[in-house]
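Student: Please find input_36.cif (mmCIF, C-alpha atoms) on the next line:
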```cif
data_target
#
loop_
_atom_site.label_atom_id
_atom_site.label_comp_id
_atom_site.auth_asym_id
_atom_site.auth_seq_id
_atom_site.Cartn_x
_atom_site.Cartn_y
_atom_site.Cartn_z
CA MET K 4 -16.19 15.75 -47.08
CA HIS K 5 -18.77 12.96 -46.77
CA ARG K 6 -21.27 13.60 -43.97
CA ARG K 7 -20.66 10.16 -42.40
CA THR K 8 -16.92 10.89 -42.27
CA LEU K 9 -17.57 14.23 -40.59
CA LEU K 10 -19.75 12.57 -37.97
CA ALA K 11 -17.13 9.90 -37.32
CA LEU K 12 -14.41 12.55 -36.91
CA ALA K 13 -16.61 14.54 -34.55
CA ALA K 14 -17.31 11.44 -32.45
CA ALA K 15 -13.60 10.58 -32.32
CA GLY K 16 -12.77 14.13 -31.25
CA LEU K 17 -15.42 13.98 -28.51
CA ALA K 18 -14.02 10.69 -27.21
CA ALA K 19 -10.48 12.04 -27.20
CA THR K 20 -11.43 15.17 -25.27
CA SER K 21 -13.88 13.54 -22.84
CA LEU K 22 -11.12 12.56 -20.41
CA ALA K 23 -8.93 15.61 -20.97
CA GLY K 24 -11.80 18.02 -20.41
CA THR K 25 -13.13 16.54 -17.21
CA THR K 26 -10.90 18.48 -14.83
CA VAL K 27 -12.31 21.79 -16.01
CA GLY K 28 -15.81 20.55 -15.26
CA ALA K 29 -14.77 19.27 -11.86
CA ARG K 30 -13.04 22.55 -11.03
CA ALA K 31 -16.18 24.54 -11.82
CA GLN K 32 -18.28 22.50 -9.42
CA GLU K 33 -18.79 23.32 -5.78
CA THR K 34 -18.27 19.65 -4.89
CA PHE K 35 -14.88 17.94 -4.94
CA LYS K 36 -15.53 14.26 -5.57
CA ILE K 37 -13.03 11.55 -4.65
CA GLY K 38 -13.43 8.20 -6.41
CA LEU K 39 -12.22 5.56 -3.96
CA ILE K 40 -11.59 2.35 -5.93
CA LEU K 41 -10.91 -0.64 -3.67
CA PRO K 42 -11.05 -4.45 -3.55
CA MET K 43 -14.08 -4.73 -1.24
CA THR K 44 -14.60 -8.41 -2.14
CA GLY K 45 -12.17 -11.21 -2.96
CA ALA K 46 -8.79 -12.14 -1.46
CA SER K 47 -7.81 -8.51 -0.77
CA ALA K 48 -11.12 -7.48 0.82
CA SER K 49 -9.43 -6.64 4.14
CA THR K 50 -7.44 -3.95 2.27
CA GLY K 51 -10.65 -2.43 0.97
CA ARG K 52 -12.45 -2.40 4.29
CA GLN K 53 -9.42 -0.89 6.04
CA ILE K 54 -8.97 1.97 3.57
CA GLU K 55 -12.69 2.74 3.34
CA ALA K 56 -12.99 2.85 7.15
CA ALA K 57 -9.93 5.10 7.43
CA ALA K 58 -11.07 7.51 4.72
CA LYS K 59 -14.50 7.85 6.32
CA LEU K 60 -12.92 8.36 9.75
CA TYR K 61 -10.72 11.15 8.37
CA MET K 62 -13.76 12.90 6.93
CA ALA K 63 -15.71 12.45 10.18
CA GLN K 64 -12.85 14.04 12.13
CA ASN K 65 -12.03 16.84 9.67
CA GLY K 66 -15.40 17.68 8.17
CA ASP K 67 -16.67 17.34 4.61
CA THR K 68 -15.89 20.88 3.46
CA VAL K 69 -12.43 22.05 2.36
CA ALA K 70 -11.56 25.42 0.83
CA GLY K 71 -15.25 26.09 0.32
CA LYS K 72 -15.79 22.80 -1.53
CA LYS K 73 -18.03 20.00 -0.33
CA VAL K 74 -16.03 16.75 -0.34
CA GLN K 75 -17.89 13.67 -1.57
CA LEU K 76 -16.47 10.15 -1.35
CA ILE K 77 -17.65 7.68 -4.02
CA VAL K 78 -16.60 4.12 -3.10
CA LYS K 79 -16.39 1.46 -5.85
CA ASP K 80 -15.52 -2.25 -5.55
CA ASP K 81 -13.09 -3.38 -8.26
CA THR K 82 -13.00 -6.98 -6.86
CA GLY K 83 -9.20 -6.88 -7.24
CA VAL K 84 -9.39 -7.14 -11.07
CA ALA K 85 -7.42 -4.58 -13.10
CA ASP K 86 -9.86 -4.39 -16.03
CA VAL K 87 -12.64 -3.55 -13.57
CA THR K 88 -10.45 -0.92 -11.87
CA LYS K 89 -9.77 0.78 -15.21
CA ARG K 90 -13.46 0.76 -16.22
CA LEU K 91 -14.54 2.18 -12.86
CA ALA K 92 -11.88 4.90 -13.01
CA GLN K 93 -12.99 5.93 -16.49
CA GLU K 94 -16.63 6.10 -15.39
CA LEU K 95 -15.72 8.13 -12.31
CA ILE K 96 -13.60 10.58 -14.33
CA VAL K 97 -15.96 11.00 -17.30
CA ASN K 98 -19.42 10.58 -15.75
CA ASP K 99 -18.96 11.58 -12.11
CA LYS K 100 -16.36 14.30 -12.82
CA VAL K 101 -14.24 13.28 -9.83
CA GLY K 102 -11.40 15.58 -8.79
CA ALA K 103 -9.21 12.65 -7.70
CA VAL K 104 -9.12 8.87 -7.85
CA ALA K 105 -7.71 7.00 -4.87
CA GLY K 106 -7.31 3.57 -3.25
CA PHE K 107 -5.72 0.86 -5.46
CA GLY K 108 -5.21 -2.27 -3.38
CA LEU K 109 -2.75 -4.05 -5.67
CA THR K 110 -0.08 -2.99 -8.17
CA PRO K 111 -1.87 -4.10 -11.39
CA LEU K 112 -4.93 -2.10 -10.30
CA ALA K 113 -2.92 1.09 -9.78
CA LEU K 114 -1.04 0.72 -13.06
CA SER K 115 -4.25 0.17 -15.05
CA VAL K 116 -5.45 3.68 -14.13
CA ALA K 117 -2.18 5.58 -14.59
CA PRO K 118 -2.75 6.47 -18.29
CA LEU K 119 -6.24 7.77 -17.47
CA ALA K 120 -4.89 9.97 -14.66
CA THR K 121 -2.30 11.44 -17.04
CA GLN K 122 -4.77 12.04 -19.86
CA ALA K 123 -7.44 13.60 -17.64
CA LYS K 124 -4.94 15.45 -15.41
CA VAL K 125 -6.63 13.94 -12.36
CA PRO K 126 -4.54 13.20 -9.23
CA GLN K 127 -4.27 9.48 -8.45
CA VAL K 128 -3.55 8.81 -4.76
CA VAL K 129 -2.16 5.30 -4.27
CA MET K 130 -3.04 4.30 -0.71
CA ALA K 131 -1.94 0.65 -0.83
CA ALA K 132 -0.09 -0.76 -3.88
CA ALA K 133 3.65 -0.94 -3.23
CA THR K 134 5.72 -1.78 -6.31
CA ALA K 135 8.52 0.79 -6.49
CA THR K 136 7.89 1.87 -10.11
CA ILE K 137 4.21 2.82 -9.71
CA THR K 138 4.79 6.57 -9.29
CA GLU K 139 6.83 6.54 -12.52
CA ALA K 140 3.74 5.45 -14.49
CA SER K 141 2.13 8.92 -14.31
CA PRO K 142 3.17 12.39 -13.11
CA PHE K 143 -0.25 12.58 -11.44
CA ILE K 144 0.37 9.64 -9.06
CA VAL K 145 1.11 10.37 -5.40
CA ARG K 146 1.68 7.48 -2.97
CA THR K 147 0.87 7.48 0.77
CA SER K 148 1.47 3.78 1.49
CA PHE K 149 5.06 2.51 1.08
CA THR K 150 7.27 0.64 -1.36
CA LEU K 151 8.41 -2.94 -0.87
CA PRO K 152 12.11 -2.08 -1.29
CA GLN K 153 11.64 0.65 1.36
CA ALA K 154 10.30 -1.93 3.83
CA THR K 155 12.60 -4.79 2.77
CA GLN K 156 16.09 -3.30 2.83
CA PRO K 157 16.08 -2.71 6.63
CA MET K 158 14.98 -6.33 7.18
CA ALA K 159 17.88 -7.69 5.12
CA GLU K 160 20.31 -5.46 7.02
CA TRP K 161 18.87 -6.59 10.37
CA ALA K 162 19.08 -10.29 9.40
CA SER K 163 22.72 -9.94 8.38
CA ALA K 164 23.60 -8.01 11.55
CA ASN K 165 21.94 -10.70 13.68
CA GLY K 166 24.02 -13.66 12.56
CA MET K 167 21.90 -15.06 9.72
CA LYS K 168 24.06 -16.45 6.89
CA LYS K 169 21.66 -18.52 4.78
CA VAL K 170 18.12 -17.34 3.94
CA VAL K 171 15.36 -18.60 1.65
CA THR K 172 13.02 -15.96 0.25
CA LEU K 173 9.41 -16.91 -0.50
CA VAL K 174 7.43 -14.17 -2.25
CA THR K 175 4.20 -13.82 -4.16
CA ASP K 176 5.01 -13.75 -7.88
CA TYR K 177 4.01 -10.23 -8.95
CA GLY K 178 5.49 -6.71 -8.81
CA PRO K 179 5.83 -6.13 -5.04
CA GLY K 180 7.02 -9.67 -4.37
CA ILE K 181 9.67 -9.44 -7.07
CA ASP K 182 10.71 -6.05 -5.62
CA ALA K 183 11.03 -7.63 -2.16
CA GLU K 184 13.00 -10.63 -3.49
CA LYS K 185 15.45 -8.48 -5.46
CA THR K 186 15.98 -5.98 -2.64
CA PHE K 187 16.47 -8.62 0.06
CA THR K 188 18.80 -10.70 -2.12
CA ALA K 189 20.97 -7.75 -3.20
CA THR K 190 21.27 -6.32 0.32
CA PHE K 191 21.85 -9.66 2.10
CA THR K 192 24.38 -11.07 -0.38
CA LYS K 193 26.30 -7.78 -0.39
CA ALA K 194 26.75 -8.31 3.36
CA GLY K 195 28.14 -11.83 2.73
CA GLY K 196 25.05 -14.02 3.07
CA THR K 197 23.60 -16.60 0.67
CA VAL K 198 20.01 -16.59 -0.62
CA GLU K 199 17.75 -19.08 -2.39
CA ASN K 200 14.66 -17.60 -4.06
CA MET K 201 11.17 -19.11 -4.42
CA ARG K 202 7.99 -17.56 -5.86
CA VAL K 203 4.38 -18.60 -5.27
CA PRO K 204 1.53 -17.66 -7.69
CA LEU K 205 -0.67 -14.67 -6.81
CA ALA K 206 -3.89 -16.45 -7.77
CA ASN K 207 -4.98 -19.33 -5.49
CA PRO K 208 -1.62 -19.64 -3.71
CA ASP K 209 -0.69 -22.93 -2.03
CA PHE K 210 2.41 -22.45 0.11
CA SER K 211 2.74 -26.10 1.21
CA PRO K 212 5.06 -27.45 -1.52
CA PHE K 213 7.34 -24.42 -1.17
CA LEU K 214 7.41 -24.76 2.60
CA GLN K 215 8.48 -28.40 2.22
CA LYS K 216 11.43 -27.21 0.11
CA VAL K 217 12.26 -24.66 2.82
CA ALA K 218 12.23 -27.41 5.46
CA ASP K 219 14.59 -29.50 3.30
CA ALA K 220 16.94 -26.55 2.67
CA LYS K 221 17.32 -25.86 6.44
CA PRO K 222 18.18 -22.14 6.16
CA ASP K 223 18.80 -19.89 9.15
CA ALA K 224 15.70 -17.93 8.21
CA LEU K 225 12.77 -17.77 5.81
CA PHE K 226 12.03 -14.28 4.47
CA VAL K 227 8.44 -14.02 3.26
CA PHE K 228 6.32 -11.47 1.41
CA VAL K 229 2.62 -12.04 0.78
CA PRO K 230 0.01 -9.36 -0.01
CA SER K 231 -2.11 -7.94 2.78
CA GLY K 232 -4.88 -10.45 3.51
CA TYR K 233 -2.83 -13.57 2.63
CA GLY K 234 -0.84 -13.78 5.87
CA ALA K 235 -3.31 -15.96 7.78
CA GLN K 236 -3.26 -18.69 5.12
CA PHE K 237 0.54 -18.59 4.98
CA MET K 238 0.87 -18.82 8.76
CA ARG K 239 -1.56 -21.74 8.92
CA GLN K 240 0.41 -23.72 6.35
CA PHE K 241 3.72 -22.73 7.97
CA THR K 242 2.43 -24.21 11.25
CA GLU K 243 0.92 -27.30 9.61
CA ARG K 244 4.32 -28.11 8.12
CA GLY K 245 5.89 -27.81 11.59
CA LEU K 246 8.19 -25.01 10.53
CA ASP K 247 7.25 -22.98 13.61
CA LYS K 248 9.13 -25.62 15.65
CA SER K 249 11.94 -26.26 13.15
CA GLY K 250 14.39 -23.62 14.38
CA ILE K 251 14.06 -21.75 11.07
CA LYS K 252 13.50 -18.07 11.91
CA LEU K 253 10.52 -16.48 10.17
CA ILE K 254 11.20 -12.92 9.01
CA GLY K 255 9.57 -10.66 6.44
CA THR K 256 7.89 -7.38 5.68
CA GLY K 257 4.90 -6.42 7.82
CA ASP K 258 2.35 -7.67 5.29
CA VAL K 259 2.66 -11.22 6.64
CA THR K 260 1.82 -10.19 10.23
CA ASP K 261 -0.88 -7.76 9.13
CA ASP K 262 -2.49 -6.13 12.21
CA ASP K 263 -5.95 -6.79 10.76
CA LEU K 264 -5.43 -10.57 10.79
CA LEU K 265 -2.68 -11.13 13.36
CA ASN K 266 -4.88 -12.09 16.30
CA GLY K 267 -6.38 -14.94 14.29
CA MET K 268 -2.98 -16.48 13.53
CA GLY K 269 -2.50 -17.81 17.03
CA ASP K 270 0.66 -18.28 19.08
CA ALA K 271 2.59 -19.68 16.09
CA ALA K 272 3.09 -16.04 15.07
CA LEU K 273 4.86 -15.17 18.34
CA GLY K 274 8.45 -14.12 17.76
CA VAL K 275 8.10 -13.41 14.04
CA VAL K 276 10.33 -10.42 13.18
CA THR K 277 9.26 -8.02 10.44
CA SER K 278 10.15 -4.59 9.10
CA HIS K 279 7.39 -2.10 8.32
CA HIS K 280 6.24 1.49 8.58
CA TYR K 281 3.25 1.04 10.90
CA SER K 282 2.04 -1.00 13.85
CA ALA K 283 -1.25 -0.59 15.70
CA VAL K 284 0.83 -0.33 18.91
CA HIS K 285 3.18 2.34 17.54
CA ASP K 286 3.97 4.37 20.65
CA SER K 287 2.81 7.92 19.98
CA ALA K 288 -0.04 10.10 21.22
CA GLU K 289 -1.25 10.56 17.65
CA ASN K 290 -1.45 6.82 17.04
CA LYS K 291 -3.15 6.01 20.35
CA ALA K 292 -5.88 8.53 19.55
CA PHE K 293 -6.18 7.19 15.98
CA VAL K 294 -6.46 3.54 17.04
CA ALA K 295 -9.12 4.35 19.66
CA ALA K 296 -11.17 6.38 17.15
CA PHE K 297 -10.74 3.78 14.38
CA LYS K 298 -11.82 0.88 16.61
CA LYS K 299 -14.84 2.86 17.82
CA ALA K 300 -15.92 3.77 14.28
CA ALA K 301 -15.05 0.54 12.45
CA GLY K 302 -15.18 -2.16 15.12
CA PHE K 303 -11.71 -3.56 14.31
CA ARG K 304 -8.09 -2.46 14.71
CA PRO K 305 -6.37 -0.46 11.96
CA ASN K 306 -3.51 -1.84 9.90
CA PHE K 307 -0.94 -0.30 7.54
CA MET K 308 -3.49 -0.17 4.71
CA GLY K 309 -5.83 1.88 6.89
CA VAL K 310 -3.02 4.33 7.61
CA GLY K 311 -2.29 4.64 3.88
CA GLY K 312 -5.94 5.57 3.38
CA TYR K 313 -6.01 8.00 6.30
CA ASP K 314 -2.88 9.81 5.12
CA GLY K 315 -4.14 9.75 1.51
CA MET K 316 -7.15 11.78 2.61
CA HIS K 317 -4.81 14.08 4.54
CA VAL K 318 -2.75 15.00 1.45
CA LEU K 319 -5.92 15.67 -0.55
CA TYR K 320 -7.43 17.87 2.16
CA GLU K 321 -4.21 19.81 2.83
CA GLY K 322 -3.50 20.10 -0.89
CA LEU K 323 -6.94 21.58 -1.55
CA LYS K 324 -6.36 24.11 1.23
CA LYS K 325 -3.16 25.19 -0.55
CA THR K 326 -4.82 25.47 -3.98
CA ASN K 327 -8.00 27.07 -2.65
CA GLY K 328 -10.04 24.13 -3.94
CA VAL K 329 -8.39 23.76 -7.36
CA GLY K 330 -7.63 20.20 -8.48
CA GLY K 331 -5.60 18.83 -11.38
CA GLU K 332 -1.89 19.51 -11.73
CA ALA K 333 -2.03 22.32 -9.14
CA LEU K 334 -3.22 19.85 -6.52
CA VAL K 335 -0.43 17.37 -7.30
CA ASN K 336 2.13 20.19 -7.09
CA ALA K 337 0.67 21.27 -3.73
CA ILE K 338 1.10 17.74 -2.35
CA LYS K 339 4.77 17.45 -3.44
CA GLY K 340 7.09 18.15 -0.53
CA MET K 341 4.28 18.10 2.03
CA ALA K 342 5.45 17.04 5.53
CA TRP K 343 3.45 16.21 8.65
CA THR K 344 3.32 14.06 11.75
CA SER K 345 1.37 10.96 10.76
CA VAL K 346 0.04 8.34 13.17
CA ARG K 347 2.97 6.20 11.89
CA GLY K 348 5.56 8.89 12.73
CA PRO K 349 7.11 11.81 10.79
CA VAL K 350 6.47 11.57 7.03
CA SER K 351 6.85 13.66 3.88
CA ILE K 352 6.09 13.37 0.17
CA ASP K 353 9.29 13.30 -1.87
CA PRO K 354 8.94 16.24 -4.31
CA GLN K 355 10.96 14.40 -6.98
CA THR K 356 9.33 10.96 -6.88
CA ARG K 357 5.93 11.68 -5.21
CA ASP K 358 6.60 8.69 -2.91
CA ILE K 359 6.33 8.83 0.86
CA ILE K 360 9.48 9.19 2.98
CA GLN K 361 9.00 7.58 6.40
CA ASN K 362 10.47 5.65 9.31
CA VAL K 363 10.73 1.89 8.99
CA TYR K 364 10.51 -0.09 12.22
CA ILE K 365 11.85 -3.54 13.12
CA ARG K 366 9.12 -5.32 15.10
CA LYS K 367 8.52 -8.64 16.86
CA VAL K 368 5.15 -10.32 17.39
CA GLU K 369 4.40 -10.31 21.11
CA LYS K 370 1.36 -10.54 23.37
CA VAL K 371 0.12 -7.16 24.63
CA ASP K 372 -2.89 -7.21 26.96
CA GLY K 373 -3.78 -10.69 25.74
CA GLU K 374 -3.65 -9.77 22.03
CA LEU K 375 -0.97 -10.35 19.40
CA HIS K 376 0.77 -7.19 18.21
CA ASN K 377 3.81 -6.11 16.20
CA VAL K 378 5.96 -4.50 18.90
CA GLU K 379 8.56 -2.10 17.50
CA PHE K 380 12.08 -2.36 18.91
CA ALA K 381 14.26 -0.48 16.40
CA THR K 382 13.74 2.54 14.12
CA ILE K 383 15.37 3.36 10.78
CA PRO K 384 14.44 7.04 10.23
CA ASN K 385 13.41 8.87 7.05
CA VAL K 386 13.70 5.98 4.59
CA LYS K 387 13.27 6.83 0.91
CA ASP K 388 12.39 4.25 -1.71
CA PRO K 389 15.88 2.79 -2.35
CA VAL K 390 15.13 1.90 -5.99
CA LYS K 391 14.52 5.52 -6.97
CA ALA K 392 17.24 6.78 -4.64
CA ALA K 393 19.74 4.57 -6.50
CA LYS K 394 18.57 5.97 -9.86
CA ALA K 395 19.05 9.51 -8.59
CA ASN K 396 22.66 8.87 -7.58
#
```
Could you quickly redo this structure as structure tokens?

Tutor:
Amino acid sequence: MHRRTLLALAAAGLAATSLAGTTVGARAQETFKIGLILPMTGASASTGRQIEAAAKLYMAQNGDTVAGKKVQLIVKDDTGVADVTKRLAQELIVNDKVGAVAGFGLTPLALSVAPLATQAKVPQVVMAAATATITEASPFIVRTSFTLPQATQPMAEWASANGMKKVVTLVTDYGPGIDAEKTFTATFTKAGGTVENMRVPLANPDFSPFLQKVADAKPDALFVFVPSGYGAQFMRQFTERGLDKSGIKLIGTGDVTDDDLLNGMGDAALGVVTSHHYSAVHDSAENKAFVAAFKKAAGFRPNFMGVGGYDGMHVLYEGLKKTNGVGGEALVNAIKGMAWTSVRGPVSIDPQTRDIIQNVYIRKVEKVDGELHNVEFATIPNVKDPVKAAKAN
């Protein structure tokens, strides 16, 4: 065989095995590295700063050694761009020999890394992105955030039970928004209501023309989903259009009244009803201690993204204890079925889907000690992702 052909084949073989062989190298090391890939700049920067602060707080509280391994956090800014996320993940897996990749602020970012996680047999802990299908993209994905259908279905049921007959949905036009639209529409129409759907672009969204259509349609309520970090802009335009005084009820998932940004939205946010899995004023001893520690360490209040990051570190730490420091497929298997009392309430990792099972709360924006908060007033316990639950039946 020609020497040049042999060299080319050898190079191709090296490239093919570089990802697959990395877990062995990581396992042999005394350091377990976690590559935390987050949008630290751009429209979703609040997601990045929340998850980074929460991950560092978890390590400060629980130490940086687990099962005899030193834990090292390597934080990378993907700017919210999927191609950057994929490149960073590849560099972390091949060059840094990380034992896990984590973070993933938006659905396209999480999906871009899924093939790499599968090929390298590296656990991928999704701490934020919420499209239902994400965990189906790789058997190495575990999610500690939520899914949009999981958060949306209780809101549609609440709206129907509270006399709403006609609703307009306004969602951001990408995976989670489409999930929210489909789930709300199916649940609400099944209960006898009528729904009109609108979608706003993810990039450079301008809600004003859509809000004018909502005003003209005069529904009982407007159901809205926007990604974490976009709620303040939506609320400003909602108020500018006078919809806060129109009699149209504003409802949605908790992303729109994100705890990180809620105080800045002003009194127009008062009375907004949302469904979600976490509020900074969730009434438990665990959460009160968490919020106090988070504020002291970070200088701002935690939101649901922070909790996804905090619990993501928890499953990695507890999983490593179970495997005696071994990563790869053994670590994913150790995380499946794990159950604990989170700061959000009782949670577990579904052993079949690797998604989180958790309470969903119905909340209303109220003033508490002079600050705006999402005050929980109803609990739907142990909610699974309804999309995967329907497939299983």

Student: Decode the PyMOL selection byres ((chain K and resi 330-347) around 6) for the given file into explicit residues and return them as a list in words.

Tutor: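 Going through the file, the PyMOL selection byres ((chain K and resi 330-347) around 6) ends up selecting Gly102, Lys124, Val125, Tyr281, Glu289, Asn290, Gly322, Val329, Gly348, Pro349, Val350, Ser351, Ile352, Asp353 and Pro354 of chain K.
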
Student: For this structure, which residues satisfy the selection - the PyMOL selection byres ((chain K and resi 191) around 9) - when it is evaluated on the file as given? I want them as a count of residues only.

Tutor: 19

Student: Excluding Leu39 of chain K and its own-chain neighbours fewer than 4 positions away, which residues fall within 8 Å of it when counting all atoms listed in the file? Please give them as a list of chain:residue names.

Tutor: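 Final neighbour list, sorted by chain and number: K:Glu55, K:Leu76, K:Ile77, K:Val78, K:Lys79, K:Val104, K:Ala105, K:Gly106.
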
Student: Just give me the gap between atom CA of Thr260 of chain K and atom CA of Thr356 of chain K in Å, one decimal is fine.

Tutor: 28.2 Å

Student: Interatomic distance between atom CA of Gly269 of chain K and atom CA of Thr242 of chain K?

Tutor: 9.9 Å

Student: Please provide as a list in words all residues within 12 Å of Phe297 of chain K, with the sequence filter that same-chain residues fewer than 3 positions apart are discarded (counting all atoms listed in the file).

Tutor: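 With the cut-off at 12 Å, the set is Arg52, Gln53, Ile54, Glu55, Ala56, Ala57, Ala58, Lys59, Leu60, Tyr61, Ala63, Gln64, Ala283, Asn290, Lys291, Ala292, Phe293, Val294, Ala300, Ala301, Gly302, Phe303, Arg304, Pro305, Asn306, Gly309, Val310, Tyr313 and Val346 of chain K.
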
Student: Could you tell me which of K:Gly257, K:Pro222, K:Gly245, K:Pro142 comes closest to Lys169 of chain K if we count all atoms listed in the file?

Tutor: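 Looking at the shortest contact to Lys169 of chain K, the residue is K:Pro222.
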
Student: Any idea what the distance is between atom CA of Ser282 of chain K and atom CA of Val227 of chain K?

Tutor: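 Interatomic distance, atom CA of Ser282 of chain K to atom CA of Val227 of chain K: 18.0 Å.
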
Student: Show which residues sit within 10 Å of Met158 of chain K, as a ChimeraX atom specification. Count all atoms listed in the file, and ignore same-chain residues fewer than 6 positions away.

Tutor: /K:152,164,186-187,190-191,226,254-256,276-279,363-366

Student: Using the chain letters and residue numbers of this document, give as a list of chain:residue names the residues selected by the PyMOL selection byres ((chain K and resi 135) around 8).

Tutor: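 For this structure, the PyMOL selection byres ((chain K and resi 135) around 8) captures K:Ala133, K:Thr134, K:Thr136, K:Ile137, K:Thr138, K:Thr150, K:Leu151, K:Pro152, K:Pro179, K:Asp182, K:Asp388, K:Val390, K:Lys391.
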
Student: Generate the output file for the selected residues, C-alpha atoms, as an mmCIF file, keeping the file's coordinate frame.

Tutor:
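In the end it all went to out_11.cif:
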```
data_model
loop_
_atom_site.group_PDB
_atom_site.id
_atom_site.type_symbol
_atom_site.label_atom_id
_atom_site.label_comp_id
_atom_site.auth_asym_id
_atom_site.auth_seq_id
_atom_site.Cartn_x
_atom_site.Cartn_y
_atom_site.Cartn_z
ATOM 1 C CA ALA K 133 3.650 -0.940 -3.230
ATOM 2 C CA THR K 134 5.720 -1.780 -6.310
ATOM 3 C CA THR K 136 7.890 1.870 -10.110
ATOM 4 C CA ILE K 137 4.210 2.820 -9.710
ATOM 5 C CA THR K 138 4.790 6.570 -9.290
ATOM 6 C CA THR K 150 7.270 0.640 -1.360
ATOM 7 C CA LEU K 151 8.410 -2.940 -0.870
ATOM 8 C CA PRO K 152 12.110 -2.080 -1.290
ATOM 9 C CA PRO K 179 5.830 -6.130 -5.040
ATOM 10 C CA ASP K 182 10.710 -6.050 -5.620
ATOM 11 C CA ASP K 388 12.390 4.250 -1.710
ATOM 12 C CA VAL K 390 15.130 1.900 -5.990
ATOM 13 C CA LYS K 391 14.520 5.520 -6.970
#
```

Student: Taking all listed atoms of segment 129-143 of chain K, build the axis-aligned box, pad each of the six sides by 8 Å, then write its centre and edge lengths in Å to one decimal as JSON.

Tutor:
```
{"center_x": 2.7, "center_y": 5.4, "center_z": -7.6, "size_x": 27.6, "size_y": 30.4, "size_z": 29.8}
```

Student: Would you pick out the contacts of segment 72-74 of chain K at 8 Å or less, using only C-alpha atoms, so that residues sharing its chain but fewer than 5 positions from it are not included, and give the list as an mmCIF file with C-alpha atoms, in the coordinates of the input?

Tutor:
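Output file out.cif is given in full below:
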```cif
data_model
loop_
_atom_site.group_PDB
_atom_site.id
_atom_site.type_symbol
_atom_site.label_atom_id
_atom_site.label_comp_id
_atom_site.auth_asym_id
_atom_site.auth_seq_id
_atom_site.Cartn_x
_atom_site.Cartn_y
_atom_site.Cartn_z
ATOM 1 C CA GLU K 33 -18.790 23.320 -5.780
ATOM 2 C CA THR K 34 -18.270 19.650 -4.890
ATOM 3 C CA PHE K 35 -14.880 17.940 -4.940
ATOM 4 C CA LYS K 36 -15.530 14.260 -5.570
ATOM 5 C CA ILE K 37 -13.030 11.550 -4.650
ATOM 6 C CA ASP K 67 -16.670 17.340 4.610
ATOM 7 C CA GLY K 328 -10.040 24.130 -3.940
#
```

Student: Measuring atom to atom with all atoms listed in the file, identify which of K:Leu112, K:Ala85, K:Val171, K:Ala393 is nearest to Ala218 of chain K.

Tutor: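 Closest residue, counting all atoms listed in the file: K:Val171.
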
Student: What's around Lys252 of chain K at 7 Å? Count all atoms listed in the file, leave out sequence neighbours fewer than 3 positions away in its own chain, and write the answer as a PyMOL selection string.

Tutor: chain K and resi 223-225

Student: Between K:Gln75, K:Pro157, K:Glu379, K:Pro126, which residue has the minimum interatomic distance to Asp286 of chain K, considering all atoms listed in the file?

Tutor: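 Once distances to Asp286 of chain K are computed over all atoms listed in the file, the minimum belongs to K:Glu379.
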
Student: Could you pull out every residue with an atom within 7 Å of (10.3, 7.2, 0.8), file coordinates, counting all atoms listed in the file, and send them as a list of chain:residue names?

Tutor: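 Residues with an atom at most 7 Å from (10.3, 7.2, 0.8): K:Gln153, K:Asp353, K:Asp358, K:Ile359, K:Ile360, K:Gln361, K:Val386, K:Lys387, K:Asp388.
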
Student: Which is closer to Leu173 of chain K than all the others in K:Val259, K:Met316, K:Ile144, K:Ala117, using only C-alpha atoms?

Tutor: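 When distances to Leu173 of chain K are compared using only C-alpha atoms, the smallest one comes from K:Val259.
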
Student: My list of candidates is K:Phe307, K:Phe237, K:Tyr320, K:Phe228. Which is closest to Ala183 of chain K when distances are computed with all atoms listed in the file?

Tutor: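 Of all the options, K:Phe228 lies closest to Ala183 of chain K.
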